[in-house]
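K.L.:
Here you go, one structure.
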Amino acid sequence: MILDTSPNSVVGGFQWISSVVKASQFPKLPLFITEWGPSYSQADPVHDNYICAAWILEKLSKSLPYTDGMSYWTFSDQFEEGGPVRTPFHGGFGLLNYDGLKKPGFFAYKFFSELKNKQFPSSDERTIATKDGDRMTLITWNYTEPQLTEPNNPFFHKDQKPKALPNKTIQLKGLKTGKYRLELTPVGYMQNDVYGTFLALGKPKGDGPSLDKASQAKLRAATTGQPTVARTIETDPSGTIRLDLPMRTNDCWLIKLSRVSY
């Protein structure tokens with residue numbers, strides 16, 4: 001199995017079936033994608049890799065115009081259609097591993113769940129900006145197709161270090177002037193990256209698919225999904241806030257802003 005890195009992968013298929021529905025006798029029939037993900041194999045390490053979070057954000061965002069709902073396959077690695085698993089990170093379909101440890105893909109969906117009801121315009125196709133009153137939630141990411149030199153297994157079982165990119169500048173204009181509480185939560189290489197941390201710990205072993213309690217505790221502590229930045233910032237006199245985010249290939253950020261003073 002080799003990950004399809006073409007820009008139109010996955011999205012192109014949804015766009016086509018959407019056009020078929022619209023041209024049918026039932027053009028308003030809703031389109032739900034009930035099984036989707038980067039690989040059809042339940043033993044594919046791309047499911048565990050930090051790149052999967054950026055891949056999910058990229059494909060979900062581009063599929064929004066064509067689908068009414070998309071259900072990732074699956075929520076958990078406790079899935080035995082292909083037989084019982086024997087290792088903690090075997091490349092299972094899940095957003096959680098056998099012990100319930102959160103993979104990077106889990107946080108991609110969590111970021112989407114944090115978005116507010118009202119979306120406002122963004123000049124960047126890899127930034128989704130939403131608001132609810134004086135509270136704003138944004139997701140921004142980089143997606144860089146991995147340059148595979150071999151099949152997914154063993155490629156994604158190896159330590160895949162990202163490349164540094166220029167900072168990403170986000171300007172929010174037209175805000176009410178005042179102070180805002182800023183929270184930034186990252187997902188990427190060694191940031192809420194359970195498999196990368198697992199490798200860094202020397203691939204600790206447990207009882208079959210379940211890790212020992214000490215290793216589980218270390219991995220949970222490294223993947224809490226809590227903000228790494230939480231501080232107060234202020235608009236300029238025109239009501240603009242500028243954020244400069246450090247970026248590497250396939251980094252993802254959840255940005256929250258809430259007005260705290262007038």
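Please note that chains go A, B, ... in the order of the structure tokens, that every chain numbers its residues from 1, and that ligands are numbered from 1 in the order shown.
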Would you mind listing what lies within 12 Å of stretch 21-31 of chain A as a PyMOL selection string, with only C-alpha atoms counted and same-chain residues fewer than 3 positions away left out?

P.N.:
chain A and resi 14-18+34+63-71

K.L.:
Show which residues sit within 8 Å of stretch 169-182 of chain A, as number ranges by chain. Count only C-alpha atoms, and ignore same-chain residues fewer than 6 positions away.

P.N.:
A: 229-245, 255-262

K.L.:
So, with only C-alpha atoms as the atoms that count, which of A:Gln216, A:Gln160, A:Gln119, A:Gln42 lies closest to A:Gly100?

P.N.:
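Closest to A:Gly100, using only C-alpha atoms: A:Gln216.
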
K.L.:
Mind listing the helix (DSSP H, G or I) residues of stretch 29-229 of chain A, per DSSP on the backbone, as a PyMOL selection string?

P.N.:
chain A and resi 45-47+51-63+104-113+152-155+194-200+213-221

K.L.:
Write the selection just made, keeping C-alpha atoms, as a tab-separated table (two decimals), in the first residue's frame?

P.N.:
chain	number	residue	atom	x	y	z
A	45	PRO	CA	1.26	2.92	9.94
A	46	VAL	CA	0.05	6.06	8.15
A	47	HIS	CA	-2.94	5.87	10.53
A	51	ILE	CA	1.11	13.39	9.01
A	52	CYS	CA	-2.38	11.86	9.24
A	53	ALA	CA	-3.73	14.90	11.14
A	54	ALA	CA	-2.78	17.33	8.35
A	55	TRP	CA	-4.05	14.84	5.76
A	56	ILE	CA	-7.47	14.68	7.49
A	57	LEU	CA	-7.74	18.48	7.74
A	58	GLU	CA	-6.76	18.84	4.09
A	59	LYS	CA	-9.25	16.29	2.76
A	60	LEU	CA	-12.12	17.24	5.07
A	61	SER	CA	-11.85	20.94	4.26
A	62	LYS	CA	-11.74	20.33	0.51
A	63	SER	CA	-14.66	17.88	0.68
A	104	PRO	CA	-2.81	12.88	15.80
A	105	GLY	CA	-5.84	12.13	13.64
A	106	PHE	CA	-8.04	12.33	16.75
A	107	PHE	CA	-6.97	15.94	17.27
A	108	ALA	CA	-7.79	16.84	13.66
A	109	TYR	CA	-11.40	15.90	14.35
A	110	LYS	CA	-11.31	17.56	17.78
A	111	PHE	CA	-10.16	20.79	16.13
A	112	PHE	CA	-13.13	20.67	13.77
A	113	SER	CA	-15.49	20.09	16.70
A	152	ASN	CA	3.63	2.94	3.68
A	153	ASN	CA	4.91	0.03	5.70
A	154	PRO	CA	7.83	0.48	6.49
A	155	PHE	CA	7.97	4.21	5.50
A	194	VAL	CA	1.66	9.68	20.27
A	195	TYR	CA	3.52	7.44	17.82
A	196	GLY	CA	6.48	9.81	17.57
A	197	THR	CA	6.68	9.83	21.36
A	198	PHE	CA	6.37	6.03	21.37
A	199	LEU	CA	9.41	5.83	19.08
A	200	ALA	CA	11.33	8.34	21.23
A	213	LYS	CA	0.87	1.45	32.79
A	214	ALA	CA	4.02	3.56	33.10
A	215	SER	CA	4.39	3.85	29.32
A	216	GLN	CA	0.71	4.66	28.93
A	217	ALA	CA	1.06	7.44	31.51
A	218	LYS	CA	4.01	8.98	29.63
A	219	LEU	CA	2.19	8.85	26.31
A	220	ARG	CA	-1.00	10.33	27.76
A	221	ALA	CA	1.01	13.15	29.34

K.L.:
DSSP on the backbone, then: every residue of stretch 101-235 of chain A marked strand (DSSP E or B), written as JSON, numbers by chain.

P.N.:
{"A": [102, 118, 119, 120, 127, 128, 129, 130, 131, 132, 135, 136, 137, 138, 139, 140, 141, 164, 165, 166, 167, 168, 169, 170, 171, 172, 179, 180, 181, 182, 183, 184, 185, 186, 187, 188, 191, 207, 210, 229, 230, 231, 232, 233, 234]}

K.L.:
Would you output that residue set with N, CA and C atoms, as a short mmCIF file (atom, residue, chain, number, x, y, z; two decimals), in the first residue's frame?

P.N.:
data_model
loop_
_atom_site.label_atom_id
_atom_site.label_comp_id
_atom_site.auth_asym_id
_atom_site.auth_seq_id
_atom_site.Cartn_x
_atom_site.Cartn_y
_atom_site.Cartn_z
N LYS A 102 -4.65 8.87 22.27
CA LYS A 102 -5.12 9.72 21.17
C LYS A 102 -4.04 9.89 20.11
N LYS A 118 -20.53 30.45 12.96
CA LYS A 118 -20.43 31.41 11.87
C LYS A 118 -19.02 31.44 11.31
N GLN A 119 -18.89 31.14 10.03
CA GLN A 119 -17.58 31.17 9.37
C GLN A 119 -17.39 32.52 8.71
N PHE A 120 -16.17 33.07 8.82
CA PHE A 120 -15.90 34.33 8.13
C PHE A 120 -14.78 34.14 7.13
N THR A 127 -6.77 27.74 6.13
CA THR A 127 -7.19 28.35 7.39
C THR A 127 -8.72 28.44 7.38
N ILE A 128 -9.34 27.88 8.41
CA ILE A 128 -10.78 27.99 8.60
C ILE A 128 -11.01 28.87 9.81
N ALA A 129 -11.76 29.96 9.64
CA ALA A 129 -11.97 30.93 10.71
C ALA A 129 -13.45 31.03 11.02
N THR A 130 -13.80 30.93 12.30
CA THR A 130 -15.19 30.98 12.73
C THR A 130 -15.33 31.86 13.96
N LYS A 131 -16.57 32.28 14.24
CA LYS A 131 -16.79 33.13 15.41
C LYS A 131 -18.17 32.90 16.00
N ASP A 132 -18.29 33.30 17.26
CA ASP A 132 -19.56 33.32 17.97
C ASP A 132 -19.47 34.50 18.91
N ARG A 135 -16.03 35.54 20.54
CA ARG A 135 -15.16 34.35 20.62
C ARG A 135 -14.88 33.85 19.21
N MET A 136 -13.62 33.62 18.93
CA MET A 136 -13.19 33.15 17.61
C MET A 136 -12.39 31.87 17.74
N THR A 137 -12.61 30.96 16.80
CA THR A 137 -11.85 29.72 16.74
C THR A 137 -11.39 29.53 15.30
N LEU A 138 -10.11 29.27 15.15
CA LEU A 138 -9.52 29.06 13.83
C LEU A 138 -8.74 27.76 13.82
N ILE A 139 -8.70 27.13 12.67
CA ILE A 139 -7.79 26.02 12.42
C ILE A 139 -6.91 26.43 11.25
N THR A 140 -5.62 26.23 11.38
CA THR A 140 -4.72 26.47 10.26
C THR A 140 -3.70 25.34 10.22
N TRP A 141 -3.25 24.99 9.03
CA TRP A 141 -2.36 23.84 8.90
C TRP A 141 -1.51 23.96 7.63
N ALA A 164 11.50 22.64 8.36
CA ALA A 164 11.10 23.95 8.86
C ALA A 164 10.53 24.79 7.72
N LEU A 165 9.51 25.56 8.02
CA LEU A 165 8.87 26.46 7.06
C LEU A 165 8.88 27.88 7.64
N PRO A 166 8.67 28.89 6.80
CA PRO A 166 8.53 30.25 7.33
C PRO A 166 7.34 30.33 8.27
N ASN A 167 7.40 31.24 9.22
CA ASN A 167 6.25 31.46 10.10
C ASN A 167 5.01 31.76 9.28
N LYS A 168 3.86 31.35 9.79
CA LYS A 168 2.59 31.65 9.14
C LYS A 168 1.97 32.85 9.83
N THR A 169 1.69 33.88 9.07
CA THR A 169 1.10 35.10 9.63
C THR A 169 -0.41 35.10 9.41
N ILE A 170 -1.14 35.31 10.49
CA ILE A 170 -2.59 35.42 10.43
C ILE A 170 -2.98 36.79 10.98
N GLN A 171 -3.72 37.53 10.18
CA GLN A 171 -4.22 38.83 10.61
C GLN A 171 -5.74 38.79 10.73
N LEU A 172 -6.23 39.14 11.89
CA LEU A 172 -7.66 39.22 12.12
C LEU A 172 -8.04 40.69 12.18
N LYS A 179 -8.62 43.73 24.80
CA LYS A 179 -7.75 42.60 25.10
C LYS A 179 -8.49 41.28 24.86
N TYR A 180 -7.72 40.31 24.38
CA TYR A 180 -8.27 39.00 24.07
C TYR A 180 -7.40 37.91 24.71
N ARG A 181 -8.05 36.88 25.15
CA ARG A 181 -7.35 35.68 25.65
C ARG A 181 -7.01 34.82 24.45
N LEU A 182 -5.75 34.49 24.28
CA LEU A 182 -5.27 33.68 23.17
C LEU A 182 -4.84 32.30 23.67
N GLU A 183 -5.31 31.25 23.00
CA GLU A 183 -4.86 29.89 23.28
C GLU A 183 -4.47 29.22 21.98
N LEU A 184 -3.29 28.60 21.97
CA LEU A 184 -2.78 27.91 20.79
C LEU A 184 -2.50 26.45 21.14
N THR A 185 -3.04 25.55 20.34
CA THR A 185 -2.81 24.11 20.54
C THR A 185 -2.25 23.52 19.26
N PRO A 186 -1.08 22.89 19.32
CA PRO A 186 -0.47 22.32 18.11
C PRO A 186 -0.66 20.82 17.99
N VAL A 187 -0.62 20.35 16.75
CA VAL A 187 -0.47 18.92 16.45
C VAL A 187 0.54 18.82 15.32
N GLY A 188 1.50 17.98 15.49
CA GLY A 188 2.53 17.79 14.47
C GLY A 188 3.60 16.88 15.02
N GLN A 191 4.37 16.79 18.75
CA GLN A 191 3.40 17.66 19.40
C GLN A 191 2.05 16.97 19.32
N ASP A 207 1.82 -6.04 27.28
CA ASP A 207 1.20 -7.35 27.18
C ASP A 207 0.38 -7.38 25.90
N SER A 210 -1.51 -4.07 24.53
CA SER A 210 -1.66 -3.11 25.61
C SER A 210 -0.31 -2.79 26.24
N VAL A 229 0.26 27.60 24.40
CA VAL A 229 0.32 29.05 24.61
C VAL A 229 -1.03 29.49 25.16
N ALA A 230 -1.02 30.22 26.25
CA ALA A 230 -2.24 30.79 26.82
C ALA A 230 -1.86 32.12 27.44
N ARG A 231 -2.23 33.21 26.76
CA ARG A 231 -1.84 34.54 27.23
C ARG A 231 -2.85 35.57 26.73
N THR A 232 -2.71 36.78 27.20
CA THR A 232 -3.58 37.88 26.80
C THR A 232 -2.85 38.76 25.79
N ILE A 233 -3.55 39.10 24.71
CA ILE A 233 -3.00 40.00 23.71
C ILE A 233 -4.01 41.12 23.47
N GLU A 234 -3.58 42.15 22.75
CA GLU A 234 -4.43 43.31 22.55
C GLU A 234 -4.47 43.70 21.08
#

K.L.:
List the spatial neighbours of A:Pro88 as a JSON list (two decimals) with all heavy atoms, in the first residue's frame - criterion: any atom at most 9 Å away, only C-alpha atoms, same-chain residues fewer than 6 positions off excluded.

P.N.:
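The new file result.json reads:
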[["chain", "number", "residue", "atom", "x", "y", "z"],
["A", 97, "ASN", "N", -5.68, 4.41, 19.82],
["A", 97, "ASN", "CA", -5.07, 3.09, 19.74],
["A", 97, "ASN", "C", -5.78, 2.13, 20.71],
["A", 97, "ASN", "O", -6.79, 2.48, 21.32],
["A", 97, "ASN", "CB", -3.56, 3.17, 19.98],
["A", 97, "ASN", "CG", -3.18, 3.00, 21.44],
["A", 97, "ASN", "OD1", -3.90, 3.42, 22.35],
["A", 97, "ASN", "ND2", -2.03, 2.41, 21.69],
["A", 98, "TYR", "N", -5.27, 0.93, 20.84],
["A", 98, "TYR", "CA", -5.93, -0.12, 21.63],
["A", 98, "TYR", "C", -6.14, 0.32, 23.08],
["A", 98, "TYR", "O", -7.14, -0.01, 23.71],
["A", 98, "TYR", "CB", -5.08, -1.40, 21.59],
["A", 98, "TYR", "CG", -5.73, -2.60, 22.22],
["A", 98, "TYR", "CD1", -6.58, -3.44, 21.49],
["A", 98, "TYR", "CD2", -5.51, -2.92, 23.56],
["A", 98, "TYR", "CE1", -7.18, -4.54, 22.07],
["A", 98, "TYR", "CE2", -6.10, -4.02, 24.15],
["A", 98, "TYR", "CZ", -6.94, -4.83, 23.40],
["A", 98, "TYR", "OH", -7.54, -5.92, 23.99],
["A", 99, "ASP", "N", -5.17, 1.09, 23.63],
["A", 99, "ASP", "CA", -5.26, 1.57, 25.01],
["A", 99, "ASP", "C", -6.04, 2.87, 25.14],
["A", 99, "ASP", "O", -6.11, 3.44, 26.23],
["A", 99, "ASP", "CB", -3.86, 1.77, 25.59],
["A", 99, "ASP", "CG", -3.14, 0.46, 25.85],
["A", 99, "ASP", "OD1", -3.78, -0.48, 26.36],
["A", 99, "ASP", "OD2", -1.94, 0.36, 25.55],
["A", 205, "LYS", "N", 7.38, -2.10, 25.32],
["A", 205, "LYS", "CA", 6.52, -3.25, 25.08],
["A", 205, "LYS", "C", 5.59, -3.45, 26.26],
["A", 205, "LYS", "O", 5.85, -3.03, 27.38],
["A", 205, "LYS", "CB", 7.36, -4.51, 24.83],
["A", 205, "LYS", "CG", 8.28, -4.40, 23.62],
["A", 205, "LYS", "CD", 8.96, -5.71, 23.33],
["A", 205, "LYS", "CE", 9.93, -5.58, 22.15],
["A", 205, "LYS", "NZ", 9.25, -5.12, 20.93],
["A", 206, "GLY", "N", 4.49, -4.11, 25.99],
["A", 206, "GLY", "CA", 3.54, -4.41, 27.04],
["A", 206, "GLY", "C", 3.05, -5.83, 26.90],
["A", 206, "GLY", "O", 3.77, -6.71, 26.42],
["A", 208, "GLY", "N", 0.96, -7.86, 24.81],
["A", 208, "GLY", "CA", 0.28, -7.87, 23.52],
["A", 208, "GLY", "C", 0.05, -6.45, 23.05],
["A", 208, "GLY", "O", 0.97, -5.64, 23.03],
["A", 209, "PRO", "N", -1.20, -6.09, 22.70],
["A", 209, "PRO", "CA", -1.47, -4.75, 22.18],
["A", 209, "PRO", "C", -1.52, -3.67, 23.26],
["A", 209, "PRO", "O", -1.55, -2.49, 22.94],
["A", 209, "PRO", "CB", -2.84, -4.91, 21.53],
["A", 209, "PRO", "CG", -3.50, -5.99, 22.33],
["A", 209, "PRO", "CD", -2.39, -6.95, 22.69],
["A", 210, "SER", "N", -1.51, -4.07, 24.53],
["A", 210, "SER", "CA", -1.66, -3.11, 25.61],
["A", 210, "SER", "C", -0.31, -2.79, 26.24],
["A", 210, "SER", "O", 0.44, -3.68, 26.64],
["A", 210, "SER", "CB", -2.61, -3.65, 26.68],
["A", 210, "SER", "OG", -2.93, -2.65, 27.61],
["A", 211, "LEU", "N", 0.02, -1.50, 26.30],
["A", 211, "LEU", "CA", 1.27, -1.07, 26.90],
["A", 211, "LEU", "C", 1.21, -1.15, 28.43],
["A", 211, "LEU", "O", 0.13, -1.14, 29.03],
["A", 211, "LEU", "CB", 1.58, 0.37, 26.49],
["A", 211, "LEU", "CG", 2.03, 0.59, 25.05],
["A", 211, "LEU", "CD1", 1.92, 2.06, 24.69],
["A", 211, "LEU", "CD2", 3.45, 0.10, 24.86]]

K.L.:
Could you tell me how far atom CA of A:Thr5 sits from atom CA of A:Tyr189, in Å to one decimal place?

P.N.:
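That distance, rounded to one decimal, is 19.1 Å.
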
K.L.:
Rounded to one decimal, what separation in Å do you get between atom CA of A:Asp44 and atom CA of A:Trp253?

P.N.:
25.1 Å

K.L.:
Could you check the closest approach to A:Cys252 for each of A:Phe75, A:Asn142, A:Lys203, A:Pro227 and tell me which residue wins, using only C-alpha atoms?

P.N.:
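Counting only C-alpha atoms, the residue closest to A:Cys252 is A:Asn142.
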